[in-house]
>>> print(open('upload-v8.pdb').read())   # PDB, C-alpha atoms, pLDDT in the B column
ATOM      1  CA  GLU A  20       0.000   0.000   0.000  1.00 65.00           C
ATOM      2  CA  ALA A  21       1.466   3.340  -1.024  1.00 81.00           C
ATOM      3  CA  GLY A  22       1.856   5.881   1.748  1.00 92.00           C
ATOM      4  CA  VAL A  23       0.956   9.548   1.923  1.00 95.00           C
ATOM      5  CA  ALA A  24       2.856  11.505  -0.721  1.00 96.00           C
ATOM      6  CA  GLN A  25       3.904  15.115  -0.360  1.00 97.00           C
ATOM      7  CA  SER A  26       5.753  17.548  -2.602  1.00 96.00           C
ATOM      8  CA  PRO A  27       7.978  19.390  -2.670  1.00 97.00           C
ATOM      9  CA  ARG A  28      10.129  18.013   0.144  1.00 95.00           C
ATOM     10  CA  TYR A  29      11.955  21.317   0.612  1.00 96.00           C
ATOM     11  CA  LYS A  30      11.163  24.890  -0.279  1.00 97.00           C
ATOM     12  CA  ILE A  31      13.016  28.135   0.347  1.00 98.00           C
ATOM     13  CA  ILE A  32      11.285  31.438  -0.317  1.00 97.00           C
ATOM     14  CA  GLU A  33      11.567  35.052   0.719  1.00 97.00           C
ATOM     15  CA  LYS A  34       9.022  36.689   2.980  1.00 96.00           C
ATOM     16  CA  ARG A  35       5.953  38.050   1.233  1.00 96.00           C
ATOM     17  CA  GLN A  36       6.252  35.434  -1.507  1.00 97.00           C
ATOM     18  CA  SER A  37       3.622  32.747  -1.991  1.00 97.00           C
ATOM     19  CA  VAL A  38       4.077  28.981  -1.804  1.00 98.00           C
ATOM     20  CA  ALA A  39       1.947  25.881  -2.300  1.00 98.00           C
ATOM     21  CA  PHE A  40       2.271  22.350  -0.992  1.00 97.00           C
ATOM     22  CA  TRP A  41       0.656  19.254  -2.396  1.00 97.00           C
ATOM     23  CA  CYS A  42      -0.529  16.090  -0.663  1.00 97.00           C
ATOM     24  CA  ASN A  43      -1.863  12.815  -2.013  1.00 96.00           C
ATOM     25  CA  PRO A  44      -3.359  10.666   0.760  1.00 96.00           C
ATOM     26  CA  ILE A  45      -3.560   6.909   0.942  1.00 94.00           C
ATOM     27  CA  SER A  46      -6.095   5.612  -1.521  1.00 93.00           C
ATOM     28  CA  GLY A  47      -9.564   5.378  -0.025  1.00 90.00           C
ATOM     29  CA  HIS A  48      -8.827   7.532   3.011  1.00 91.00           C
ATOM     30  CA  ALA A  49     -11.688   9.971   3.475  1.00 89.00           C
ATOM     31  CA  THR A  50     -10.060  12.157   6.119  1.00 90.00           C
ATOM     32  CA  LEU A  51      -7.082  14.387   5.388  1.00 93.00           C
ATOM     33  CA  TYR A  52      -5.165  16.599   7.813  1.00 93.00           C
ATOM     34  CA  TRP A  53      -2.579  19.349   7.443  1.00 96.00           C
ATOM     35  CA  TYR A  54      -0.254  19.963  10.407  1.00 96.00           C
ATOM     36  CA  GLN A  55       2.376  22.606  10.992  1.00 97.00           C
ATOM     37  CA  GLN A  56       5.464  21.482  12.926  1.00 94.00           C
ATOM     38  CA  ILE A  57       7.718  24.304  14.079  1.00 94.00           C
ATOM     39  CA  LEU A  58      11.247  23.315  15.085  1.00 90.00           C
ATOM     40  CA  GLY A  59      11.309  21.953  18.613  1.00 86.00           C
ATOM     41  CA  GLN A  60       7.544  21.550  18.857  1.00 89.00           C
ATOM     42  CA  GLY A  61       4.962  18.906  18.174  1.00 91.00           C
ATOM     43  CA  PRO A  62       2.728  19.065  15.116  1.00 93.00           C
ATOM     44  CA  LYS A  63      -0.203  21.465  15.317  1.00 93.00           C
ATOM     45  CA  LEU A  64      -3.369  20.829  13.345  1.00 91.00           C
ATOM     46  CA  LEU A  65      -4.120  23.469  10.739  1.00 95.00           C
ATOM     47  CA  ILE A  66      -7.076  21.984   8.901  1.00 94.00           C
ATOM     48  CA  GLN A  67      -9.039  18.755   8.649  1.00 91.00           C
ATOM     49  CA  PHE A  68     -11.025  17.586   5.610  1.00 91.00           C
ATOM     50  CA  GLN A  69     -13.667  14.898   5.459  1.00 88.00           C
ATOM     51  CA  ASN A  70     -13.884  13.964   1.766  1.00 87.00           C
ATOM     52  CA  ASN A  71     -13.836  17.371   0.071  1.00 85.00           C
ATOM     53  CA  GLY A  72     -15.426  19.316   2.922  1.00 90.00           C
ATOM     54  CA  VAL A  73     -13.681  21.207   5.711  1.00 90.00           C
ATOM     55  CA  VAL A  74     -14.604  19.920   9.169  1.00 87.00           C
ATOM     56  CA  ASP A  75     -12.149  21.944  11.267  1.00 86.00           C
ATOM     57  CA  ASP A  76     -10.051  24.949  10.257  1.00 91.00           C
ATOM     58  CA  SER A  77     -10.164  26.758  13.575  1.00 88.00           C
ATOM     59  CA  GLN A  78      -6.357  26.993  13.814  1.00 90.00           C
ATOM     60  CA  LEU A  79      -5.719  27.970  10.213  1.00 94.00           C
ATOM     61  CA  PRO A  80      -4.525  31.602   9.832  1.00 94.00           C
ATOM     62  CA  LYS A  81      -7.073  32.384   7.188  1.00 93.00           C
ATOM     63  CA  ASP A  82      -5.663  35.782   6.327  1.00 95.00           C
ATOM     64  CA  ARG A  83      -2.696  34.080   4.655  1.00 97.00           C
ATOM     65  CA  PHE A  84      -3.294  30.338   4.579  1.00 97.00           C
ATOM     66  CA  SER A  85      -5.762  28.503   2.377  1.00 97.00           C
ATOM     67  CA  ALA A  86      -6.361  24.857   1.599  1.00 97.00           C
ATOM     68  CA  GLU A  87      -8.538  22.876  -0.698  1.00 95.00           C
ATOM     69  CA  ARG A  88      -9.281  19.257  -1.419  1.00 95.00           C
ATOM     70  CA  LEU A  89     -10.928  19.007  -4.774  1.00 82.00           C
ATOM     71  CA  LYS A  90     -12.733  15.767  -5.602  1.00 85.00           C
ATOM     72  CA  GLY A  91     -12.023  14.489  -2.118  1.00 84.00           C
ATOM     73  CA  VAL A  92      -8.617  13.077  -2.985  1.00 92.00           C
ATOM     74  CA  ASP A  93      -5.444  15.149  -3.098  1.00 95.00           C
ATOM     75  CA  SER A  94      -5.066  18.486  -1.399  1.00 97.00           C
ATOM     76  CA  THR A  95      -3.085  21.709  -1.644  1.00 97.00           C
ATOM     77  CA  LEU A  96      -2.085  24.087   1.122  1.00 98.00           C
ATOM     78  CA  LYS A  97      -1.133  27.632   0.148  1.00 98.00           C
ATOM     79  CA  ILE A  98       0.523  30.467   2.008  1.00 97.00           C
ATOM     80  CA  GLN A  99       0.254  33.974   0.604  1.00 97.00           C
ATOM     81  CA  PRO A 100       2.099  36.069   1.631  1.00 96.00           C
ATOM     82  CA  ALA A 101       4.596  34.115   3.695  1.00 96.00           C
ATOM     83  CA  LYS A 102       6.079  35.438   6.925  1.00 97.00           C
ATOM     84  CA  LEU A 103       9.291  34.479   8.678  1.00 97.00           C
ATOM     85  CA  GLU A 104       7.328  32.662  11.382  1.00 96.00           C
ATOM     86  CA  ASP A 105       5.848  30.314   8.778  1.00 97.00           C
ATOM     87  CA  SER A 106       9.175  28.481   8.597  1.00 97.00           C
ATOM     88  CA  ALA A 107       8.255  24.953   9.615  1.00 97.00           C
ATOM     89  CA  VAL A 108       7.625  21.443   8.371  1.00 95.00           C
ATOM     90  CA  TYR A 109       4.155  20.997   6.926  1.00 97.00           C
ATOM     91  CA  LEU A 110       2.858  17.493   7.428  1.00 96.00           C
ATOM     92  CA  CYS A 111      -0.051  15.878   5.666  1.00 96.00           C
ATOM     93  CA  ALA A 112      -1.825  12.898   7.200  1.00 94.00           C
ATOM     94  CA  SER A 113      -4.777  10.754   6.261  1.00 93.00           C
ATOM     95  CA  SER A 114      -7.054   8.244   7.936  1.00 89.00           C
ATOM     96  CA  SER A 115      -9.852   6.005   6.789  1.00 86.00           C
ATOM     97  CA  ASP A 116     -12.326   7.767   9.070  1.00 72.00           C
ATOM     98  CA  PRO A 117     -12.217  10.575  11.649  1.00 65.00           C
ATOM     99  CA  GLY A 118     -12.923   8.366  14.630  1.00 65.00           C
ATOM    100  CA  SER A 119     -11.328   9.189  17.941  1.00 57.00           C
ATOM    101  CA  TYR A 120      -8.731   6.447  17.818  1.00 63.00           C
ATOM    102  CA  ASN A 121      -8.381   5.865  14.147  1.00 70.00           C
ATOM    103  CA  GLU A 122      -4.746   5.799  13.088  1.00 81.00           C
ATOM    104  CA  GLN A 123      -3.440   8.708  11.098  1.00 88.00           C
ATOM    105  CA  PHE A 124      -0.773   7.997   8.480  1.00 91.00           C
ATOM    106  CA  PHE A 125       1.714  10.776   7.903  1.00 93.00           C
ATOM    107  CA  GLY A 126       3.626  11.837   4.835  1.00 95.00           C
ATOM    108  CA  PRO A 127       7.316  12.833   4.952  1.00 93.00           C
ATOM    109  CA  GLY A 128       6.489  16.532   5.154  1.00 95.00           C
ATOM    110  CA  THR A 129       7.562  19.669   3.317  1.00 96.00           C
ATOM    111  CA  ARG A 130      10.244  21.733   5.015  1.00 95.00           C
ATOM    112  CA  LEU A 131       9.623  25.439   4.371  1.00 97.00           C
ATOM    113  CA  THR A 132      12.261  28.068   5.028  1.00 97.00           C
ATOM    114  CA  VAL A 133      11.193  31.700   4.786  1.00 97.00           C
ATOM    115  CA  LEU A 134      14.077  34.178   4.490  1.00 96.00           C
TER     116      LEU A 134
ATOM    117  CA  ALA B  20      -9.300  20.607  26.849  1.00 69.00           C
ATOM    118  CA  GLN B  21      -7.216  17.498  26.446  1.00 77.00           C
ATOM    119  CA  SER B  22      -3.458  18.013  26.352  1.00 86.00           C
ATOM    120  CA  VAL B  23      -0.213  16.146  26.977  1.00 92.00           C
ATOM    121  CA  THR B  24       3.064  17.144  28.579  1.00 94.00           C
ATOM    122  CA  GLN B  25       6.271  15.351  27.750  1.00 96.00           C
ATOM    123  CA  LEU B  26       8.880  15.573  30.481  1.00 93.00           C
ATOM    124  CA  GLY B  27      12.386  16.024  29.111  1.00 92.00           C
ATOM    125  CA  SER B  28      13.035  17.362  25.649  1.00 93.00           C
ATOM    126  CA  HIS B  29      16.176  15.225  25.357  1.00 96.00           C
ATOM    127  CA  VAL B  30      16.893  11.779  26.756  1.00 97.00           C
ATOM    128  CA  SER B  31      20.185   9.945  26.351  1.00 97.00           C
ATOM    129  CA  VAL B  32      20.637   6.228  27.037  1.00 97.00           C
ATOM    130  CA  SER B  33      23.334   3.692  26.361  1.00 97.00           C
ATOM    131  CA  GLU B  34      22.731   0.909  23.895  1.00 97.00           C
ATOM    132  CA  GLY B  35      21.108  -1.983  25.763  1.00 97.00           C
ATOM    133  CA  ALA B  36      19.795   0.201  28.572  1.00 97.00           C
ATOM    134  CA  LEU B  37      16.177   0.790  29.509  1.00 97.00           C
ATOM    135  CA  VAL B  38      14.344   3.489  27.586  1.00 98.00           C
ATOM    136  CA  LEU B  39      11.796   5.544  29.544  1.00 98.00           C
ATOM    137  CA  LEU B  40      10.043   8.491  27.919  1.00 98.00           C
ATOM    138  CA  ARG B  41       7.517  10.301  30.084  1.00 97.00           C
ATOM    139  CA  CYS B  42       4.120  11.623  29.120  1.00 96.00           C
ATOM    140  CA  ASN B  43       1.395  13.040  31.349  1.00 95.00           C
ATOM    141  CA  TYR B  44      -2.032  13.948  30.090  1.00 92.00           C
ATOM    142  CA  SER B  45      -4.759  16.318  31.081  1.00 89.00           C
ATOM    143  CA  SER B  46      -8.275  15.335  30.193  1.00 79.00           C
ATOM    144  CA  SER B  47     -11.708  15.713  31.687  1.00 73.00           C
ATOM    145  CA  VAL B  48     -12.890  12.581  29.938  1.00 75.00           C
ATOM    146  CA  PRO B  49     -11.280   9.160  29.421  1.00 73.00           C
ATOM    147  CA  PRO B  50      -8.541   9.890  26.917  1.00 82.00           C
ATOM    148  CA  TYR B  51      -7.337   8.080  23.849  1.00 87.00           C
ATOM    149  CA  LEU B  52      -3.536   8.238  23.903  1.00 91.00           C
ATOM    150  CA  PHE B  53      -0.875   7.653  21.290  1.00 93.00           C
ATOM    151  CA  TRP B  54       2.874   7.488  20.874  1.00 96.00           C
ATOM    152  CA  TYR B  55       4.386   8.402  17.518  1.00 96.00           C
ATOM    153  CA  VAL B  56       8.015   8.221  16.381  1.00 96.00           C
ATOM    154  CA  GLN B  57       9.657  10.510  13.847  1.00 93.00           C
ATOM    155  CA  TYR B  58      12.959   9.575  12.231  1.00 92.00           C
ATOM    156  CA  PRO B  59      15.043  12.339  10.638  1.00 86.00           C
ATOM    157  CA  ASN B  60      13.449  13.790   7.529  1.00 80.00           C
ATOM    158  CA  GLN B  61      10.496  11.437   7.753  1.00 84.00           C
ATOM    159  CA  GLY B  62       6.866  11.673   8.759  1.00 87.00           C
ATOM    160  CA  LEU B  63       5.417  10.368  11.991  1.00 92.00           C
ATOM    161  CA  GLN B  64       4.807   6.674  12.504  1.00 93.00           C
ATOM    162  CA  LEU B  65       2.424   5.210  15.059  1.00 93.00           C
ATOM    163  CA  LEU B  66       4.176   3.180  17.762  1.00 96.00           C
ATOM    164  CA  LEU B  67       1.146   2.283  19.846  1.00 94.00           C
ATOM    165  CA  LYS B  68      -2.195   3.547  21.086  1.00 92.00           C
ATOM    166  CA  TYR B  69      -4.442   3.201  24.100  1.00 91.00           C
ATOM    167  CA  THR B  70      -8.175   3.357  23.644  1.00 85.00           C
ATOM    168  CA  THR B  71      -9.973   1.123  26.133  1.00 81.00           C
ATOM    169  CA  GLY B  72      -9.352  -2.207  27.825  1.00 84.00           C
ATOM    170  CA  ALA B  73      -5.921  -3.428  28.843  1.00 86.00           C
ATOM    171  CA  THR B  74      -3.834  -0.644  30.306  1.00 89.00           C
ATOM    172  CA  LEU B  75      -0.509  -2.115  29.173  1.00 95.00           C
ATOM    173  CA  VAL B  76      -0.209  -1.560  25.465  1.00 95.00           C
ATOM    174  CA  LYS B  77       2.404  -3.201  23.283  1.00 96.00           C
ATOM    175  CA  GLY B  78       3.576  -1.550  20.111  1.00 95.00           C
ATOM    176  CA  ILE B  79       6.051  -1.999  17.337  1.00 94.00           C
ATOM    177  CA  ASN B  80       9.827  -2.332  17.673  1.00 93.00           C
ATOM    178  CA  GLY B  81       9.583  -3.669  21.237  1.00 96.00           C
ATOM    179  CA  PHE B  82       8.017  -0.555  22.750  1.00 97.00           C
ATOM    180  CA  GLU B  83       5.200  -0.593  25.264  1.00 97.00           C
ATOM    181  CA  ALA B  84       3.304   1.937  27.353  1.00 97.00           C
ATOM    182  CA  GLU B  85       1.116   1.729  30.414  1.00 95.00           C
ATOM    183  CA  PHE B  86      -1.948   3.858  30.971  1.00 93.00           C
ATOM    184  CA  LYS B  87      -2.139   4.889  34.643  1.00 93.00           C
ATOM    185  CA  LYS B  88      -5.267   6.826  35.388  1.00 90.00           C
ATOM    186  CA  SER B  89      -4.284   7.559  38.986  1.00 90.00           C
ATOM    187  CA  GLU B  90      -1.075   9.199  37.814  1.00 92.00           C
ATOM    188  CA  THR B  91      -2.520  10.626  34.560  1.00 92.00           C
ATOM    189  CA  SER B  92       0.474   9.131  32.805  1.00 94.00           C
ATOM    190  CA  PHE B  93       1.230   7.175  29.655  1.00 96.00           C
ATOM    191  CA  HIS B  94       4.981   6.582  29.765  1.00 97.00           C
ATOM    192  CA  LEU B  95       6.754   4.802  26.916  1.00 98.00           C
ATOM    193  CA  THR B  96       9.308   2.098  27.700  1.00 98.00           C
ATOM    194  CA  LYS B  97      11.601  -0.349  25.972  1.00 98.00           C
ATOM    195  CA  PRO B  98      13.718  -2.833  27.943  1.00 97.00           C
ATOM    196  CA  SER B  99      16.819  -2.568  25.799  1.00 97.00           C
ATOM    197  CA  ALA B 100      17.697   0.380  23.583  1.00 97.00           C
ATOM    198  CA  HIS B 101      19.026  -0.129  20.090  1.00 96.00           C
ATOM    199  CA  MET B 102      20.972   2.375  18.043  1.00 96.00           C
ATOM    200  CA  SER B 103      18.116   2.444  15.548  1.00 95.00           C
ATOM    201  CA  ASP B 104      15.767   3.785  18.250  1.00 96.00           C
ATOM    202  CA  ALA B 105      17.381   7.217  18.039  1.00 96.00           C
ATOM    203  CA  ALA B 106      14.563   9.496  16.914  1.00 96.00           C
ATOM    204  CA  GLU B 107      12.011  12.045  18.064  1.00 96.00           C
ATOM    205  CA  TYR B 108       9.077  10.658  20.051  1.00 97.00           C
ATOM    206  CA  PHE B 109       5.721  12.349  20.395  1.00 96.00           C
ATOM    207  CA  CYS B 110       2.929  11.634  22.822  1.00 96.00           C
ATOM    208  CA  ALA B 111      -0.545  12.671  21.659  1.00 93.00           C
ATOM    209  CA  VAL B 112      -4.113  12.714  22.924  1.00 90.00           C
ATOM    210  CA  SER B 113      -7.197  12.486  20.791  1.00 83.00           C
ATOM    211  CA  LEU B 114      -8.852  15.872  20.944  1.00 69.00           C
ATOM    212  CA  PHE B 115     -12.505  16.344  20.176  1.00 65.00           C
ATOM    213  CA  SER B 116     -12.898  19.342  17.885  1.00 59.00           C
ATOM    214  CA  ASN B 117     -15.868  20.958  16.189  1.00 59.00           C
ATOM    215  CA  SER B 118     -16.721  18.127  13.908  1.00 57.00           C
ATOM    216  CA  GLY B 119     -14.607  15.196  14.842  1.00 64.00           C
ATOM    217  CA  TYR B 120     -11.356  14.135  16.415  1.00 72.00           C
ATOM    218  CA  ALA B 121      -7.838  15.435  15.899  1.00 77.00           C
ATOM    219  CA  LEU B 122      -4.562  14.749  17.637  1.00 86.00           C
ATOM    220  CA  ASN B 123      -3.069  17.138  20.174  1.00 88.00           C
ATOM    221  CA  PHE B 124       0.683  16.473  20.339  1.00 93.00           C
ATOM    222  CA  GLY B 125       3.239  17.079  23.038  1.00 94.00           C
ATOM    223  CA  LYS B 126       6.442  18.945  22.245  1.00 94.00           C
ATOM    224  CA  GLY B 127       8.392  15.771  21.707  1.00 96.00           C
ATOM    225  CA  THR B 128      11.367  14.021  23.270  1.00 97.00           C
ATOM    226  CA  SER B 129      14.545  13.460  21.335  1.00 96.00           C
ATOM    227  CA  LEU B 130      16.093  10.083  22.158  1.00 97.00           C
ATOM    228  CA  LEU B 131      19.840   9.692  21.756  1.00 97.00           C
ATOM    229  CA  VAL B 132      21.352   6.206  21.976  1.00 97.00           C
ATOM    230  CA  THR B 133      25.070   6.014  22.624  1.00 96.00           C
ATOM    231  CA  PRO B 134      27.299   2.980  21.963  1.00 94.00           C
TER     232      PRO B 134
END
>>> encode(input="upload-v8.pdb", output="structure tokens")
Amino acid sequence: EAGVAQSPRYKIIEKRQSVAFWCNPISGHATLYWYQQILGQGPKLLIQFQNNGVVDDSQLPKDRFSAERLKGVDSTLKIQPAKLEDSAVYLCASSSDPGSYNEQFFGPGTRLTVL
Amino acid sequence: AQSVTQLGSHVSVSEGALVLLRCNYSSSVPPYLFWYVQYPNQGLQLLLKYTTGATLVKGINGFEAEFKKSETSFHLTKPSAHMSDAAEYFCAVSLFSNSGYALNFGKGTSLLVTP
């Protein structure tokens, strides 16, 4: 079974530029998550999709971050404009359902550096 | 709100020694608890999880954790450390959000294994 795919693996941009990350979840997984992991901290949930609908985006900085999951499969996360504090690893995860103890499978992440 | 605290951001053990990584939780309801491992430049991988039932949970790679309600703890142990165990370890609690469940992670503990 193929895992969660993410691209690019690394990205370096200057502040105020825009950037987009892509995620392809495990086939058949209805729930998709985007996490932000700042150096030295645990992952923090940004947004959760169930199929192609958003079920929780309460921690997403909506003035600069946006995400979509067209057709309920792959997803993109965009930052526009980027700030220095957005430097982090962005992790995508998927699960077969959003149950309380359903395992989430994580991709390798995209490491973003904002200069 | 449910949260976890990991005691010790860095733990160093000798190869063959006992591994003990500490995690305490805060929850007003019976929690679902998880341990994830993150190897360098990789995503998170589930080691084990506690939902209900037996309080001693066995996971992959020889790790286990015991849920102790009286101590609000879920410490991770392994009898004998191996060099390949060097990684970042995250404790997490299942957090009920607006429309489902997400994971609330601790800040992580970096495990160093010395020869």
>>> closest_atom_pairs(input="upload-v8.pdb", of="chain B", to="chain A", cutoff="12 Å", atoms="all atoms listed in the file", output="Markdown table")
| residue | atom | partner | partner_atom | distance |
| --- | --- | --- | --- | --- |
| B:Ser22 | CA | A:Gly61 | CA | 11.8 |
| B:Val23 | CA | A:Gly61 | CA | 10.6 |
| B:Thr24 | CA | A:Gly61 | CA | 10.7 |
| B:Gln25 | CA | A:Gly61 | CA | 10.3 |
| B:Ser28 | CA | A:Gly59 | CA | 8.6 |
| B:His29 | CA | A:Gly59 | CA | 10.7 |
| B:Pro49 | CA | A:Ser119 | CA | 11.5 |
| B:Pro50 | CA | A:Ser119 | CA | 9.4 |
| B:Tyr51 | CA | A:Tyr120 | CA | 6.4 |
| B:Leu52 | CA | A:Tyr120 | CA | 8.2 |
| B:Phe53 | CA | A:Tyr120 | CA | 8.7 |
| B:Trp54 | CA | A:Glu122 | CA | 11.0 |
| B:Tyr55 | CA | A:Gln123 | CA | 10.1 |
| B:Val56 | CA | A:Phe125 | CA | 10.9 |
| B:Gln57 | CA | A:Pro127 | CA | 9.5 |
| B:Tyr58 | CA | A:Pro127 | CA | 9.8 |
| B:Pro59 | CA | A:Pro127 | CA | 9.6 |
| B:Asn60 | CA | A:Pro127 | CA | 6.7 |
| B:Gln61 | CA | A:Pro127 | CA | 4.5 |
| B:Gly62 | CA | A:Pro127 | CA | 4.0 |
| B:Leu63 | CA | A:Phe125 | CA | 5.5 |
| B:Gln64 | CA | A:Phe125 | CA | 6.9 |
| B:Leu65 | CA | A:Glu122 | CA | 7.5 |
| B:Leu66 | CA | A:Glu122 | CA | 10.4 |
| B:Leu67 | CA | A:Glu122 | CA | 9.6 |
| B:Lys68 | CA | A:Tyr120 | CA | 7.9 |
| B:Tyr69 | CA | A:Tyr120 | CA | 8.3 |
| B:Thr70 | CA | A:Tyr120 | CA | 6.6 |
| B:Thr71 | CA | A:Tyr120 | CA | 10.0 |
| B:Glu107 | CA | A:Gly61 | CA | 9.8 |
| B:Tyr108 | CA | A:Gly61 | CA | 9.4 |
| B:Phe109 | CA | A:Gly61 | CA | 7.0 |
| B:Cys110 | CA | A:Gly61 | CA | 8.9 |
| B:Ala111 | CA | A:Gly61 | CA | 9.0 |
| B:Val112 | CA | A:Tyr120 | CA | 9.3 |
| B:Ser113 | CA | A:Ser119 | CA | 6.0 |
| B:Leu114 | CA | A:Ser119 | CA | 7.7 |
| B:Phe115 | CA | A:Ser119 | CA | 7.6 |
| B:Ser116 | CA | A:Asp75 | CA | 7.2 |
| B:Asn117 | CA | A:Asp75 | CA | 6.2 |
| B:Ser118 | CA | A:Val74 | CA | 5.5 |
| B:Gly119 | CA | A:Pro117 | CA | 6.1 |
| B:Tyr120 | CA | A:Ser119 | CA | 5.2 |
| B:Ala121 | CA | A:Ser119 | CA | 7.4 |
| B:Leu122 | CA | A:Leu64 | CA | 7.5 |
| B:Asn123 | CA | A:Lys63 | CA | 7.1 |
| B:Phe124 | CA | A:Gly61 | CA | 5.4 |
| B:Gly125 | CA | A:Gly61 | CA | 5.5 |
| B:Lys126 | CA | A:Gly61 | CA | 4.3 |
| B:Gly127 | CA | A:Gly61 | CA | 5.8 |
| B:Thr128 | CA | A:Gly59 | CA | 9.2 |
| B:Ser129 | CA | A:Gly59 | CA | 9.5 |
>>> residues_around(input="upload-v8.pdb", residues="region 40-45 of chain A", least_positions_apart="6", cutoff="8 Å", atoms="only C-alpha atoms", output="MDAnalysis selection string")
chainID A and resid 20:27 51 92:97 111:114 129
>>> closest_residue(input="upload-v8.pdb", among="B:Gly35, B:Val30, B:Val48, B:Asn43", to="Pro134 (chain B)", atoms="all atoms listed in the file")
B:Gly35
>>> resolve_selection(input="upload-v8.pdb", expression="the PyMOL selection byres ((chain B and resi 132) around 9)", output="list in words")
Val30, Ser31, Val32, Ser33, Glu34, Ala100, His101, Met102, Ser103, Asp104, Ala105, Leu130, Leu131, Thr133 and Pro134 of chain B
>>> write_last_selection(input="upload-v8.pdb", atoms="C-alpha atoms", output="PDB file, in the coordinates of the input")
ATOM      1  CA  VAL B  30      16.893  11.779  26.756  1.00 97.00           C
ATOM      2  CA  SER B  31      20.185   9.945  26.351  1.00 97.00           C
ATOM      3  CA  VAL B  32      20.637   6.228  27.037  1.00 97.00           C
ATOM      4  CA  SER B  33      23.334   3.692  26.361  1.00 97.00           C
ATOM      5  CA  GLU B  34      22.731   0.909  23.895  1.00 97.00           C
ATOM      6  CA  ALA B 100      17.697   0.380  23.583  1.00 97.00           C
ATOM      7  CA  HIS B 101      19.026  -0.129  20.090  1.00 96.00           C
ATOM      8  CA  MET B 102      20.972   2.375  18.043  1.00 96.00           C
ATOM      9  CA  SER B 103      18.116   2.444  15.548  1.00 95.00           C
ATOM     10  CA  ASP B 104      15.767   3.785  18.250  1.00 96.00           C
ATOM     11  CA  ALA B 105      17.381   7.217  18.039  1.00 96.00           C
ATOM     12  CA  LEU B 130      16.093  10.083  22.158  1.00 97.00           C
ATOM     13  CA  LEU B 131      19.840   9.692  21.756  1.00 97.00           C
ATOM     14  CA  THR B 133      25.070   6.014  22.624  1.00 96.00           C
ATOM     15  CA  PRO B 134      27.299   2.980  21.963  1.00 94.00           C
TER      16      PRO B 134
END
>>> atom_distance(input="upload-v8.pdb", atom1="CA of Phe82 (chain B)", atom2="CA of Gly27 (chain B)")
18.3 Å
>>> closest_residue(input="upload-v8.pdb", among="A:Ser106, A:Ser37, A:Ser115, A:Gln55", to="Leu79 (chain A)", atoms="all atoms listed in the file")
A:Gln55
>>> atom_distance(input="upload-v8.pdb", atom1="CA of Ser47 (chain B)", atom2="CA of Ala84 (chain B)")
20.8 Å
>>> atom_distance(input="upload-v8.pdb", atom1="CA of Ala107 (chain A)", atom2="CA of Leu26 (chain B)")
22.9 Å
>>> resolve_selection(input="upload-v8.pdb", expression="the PyMOL selection byres ((chain A and resi 102) around 9)", output="VMD selection string")
chain A and resid 33 to 36 98 to 101 103 to 106 133 to 134
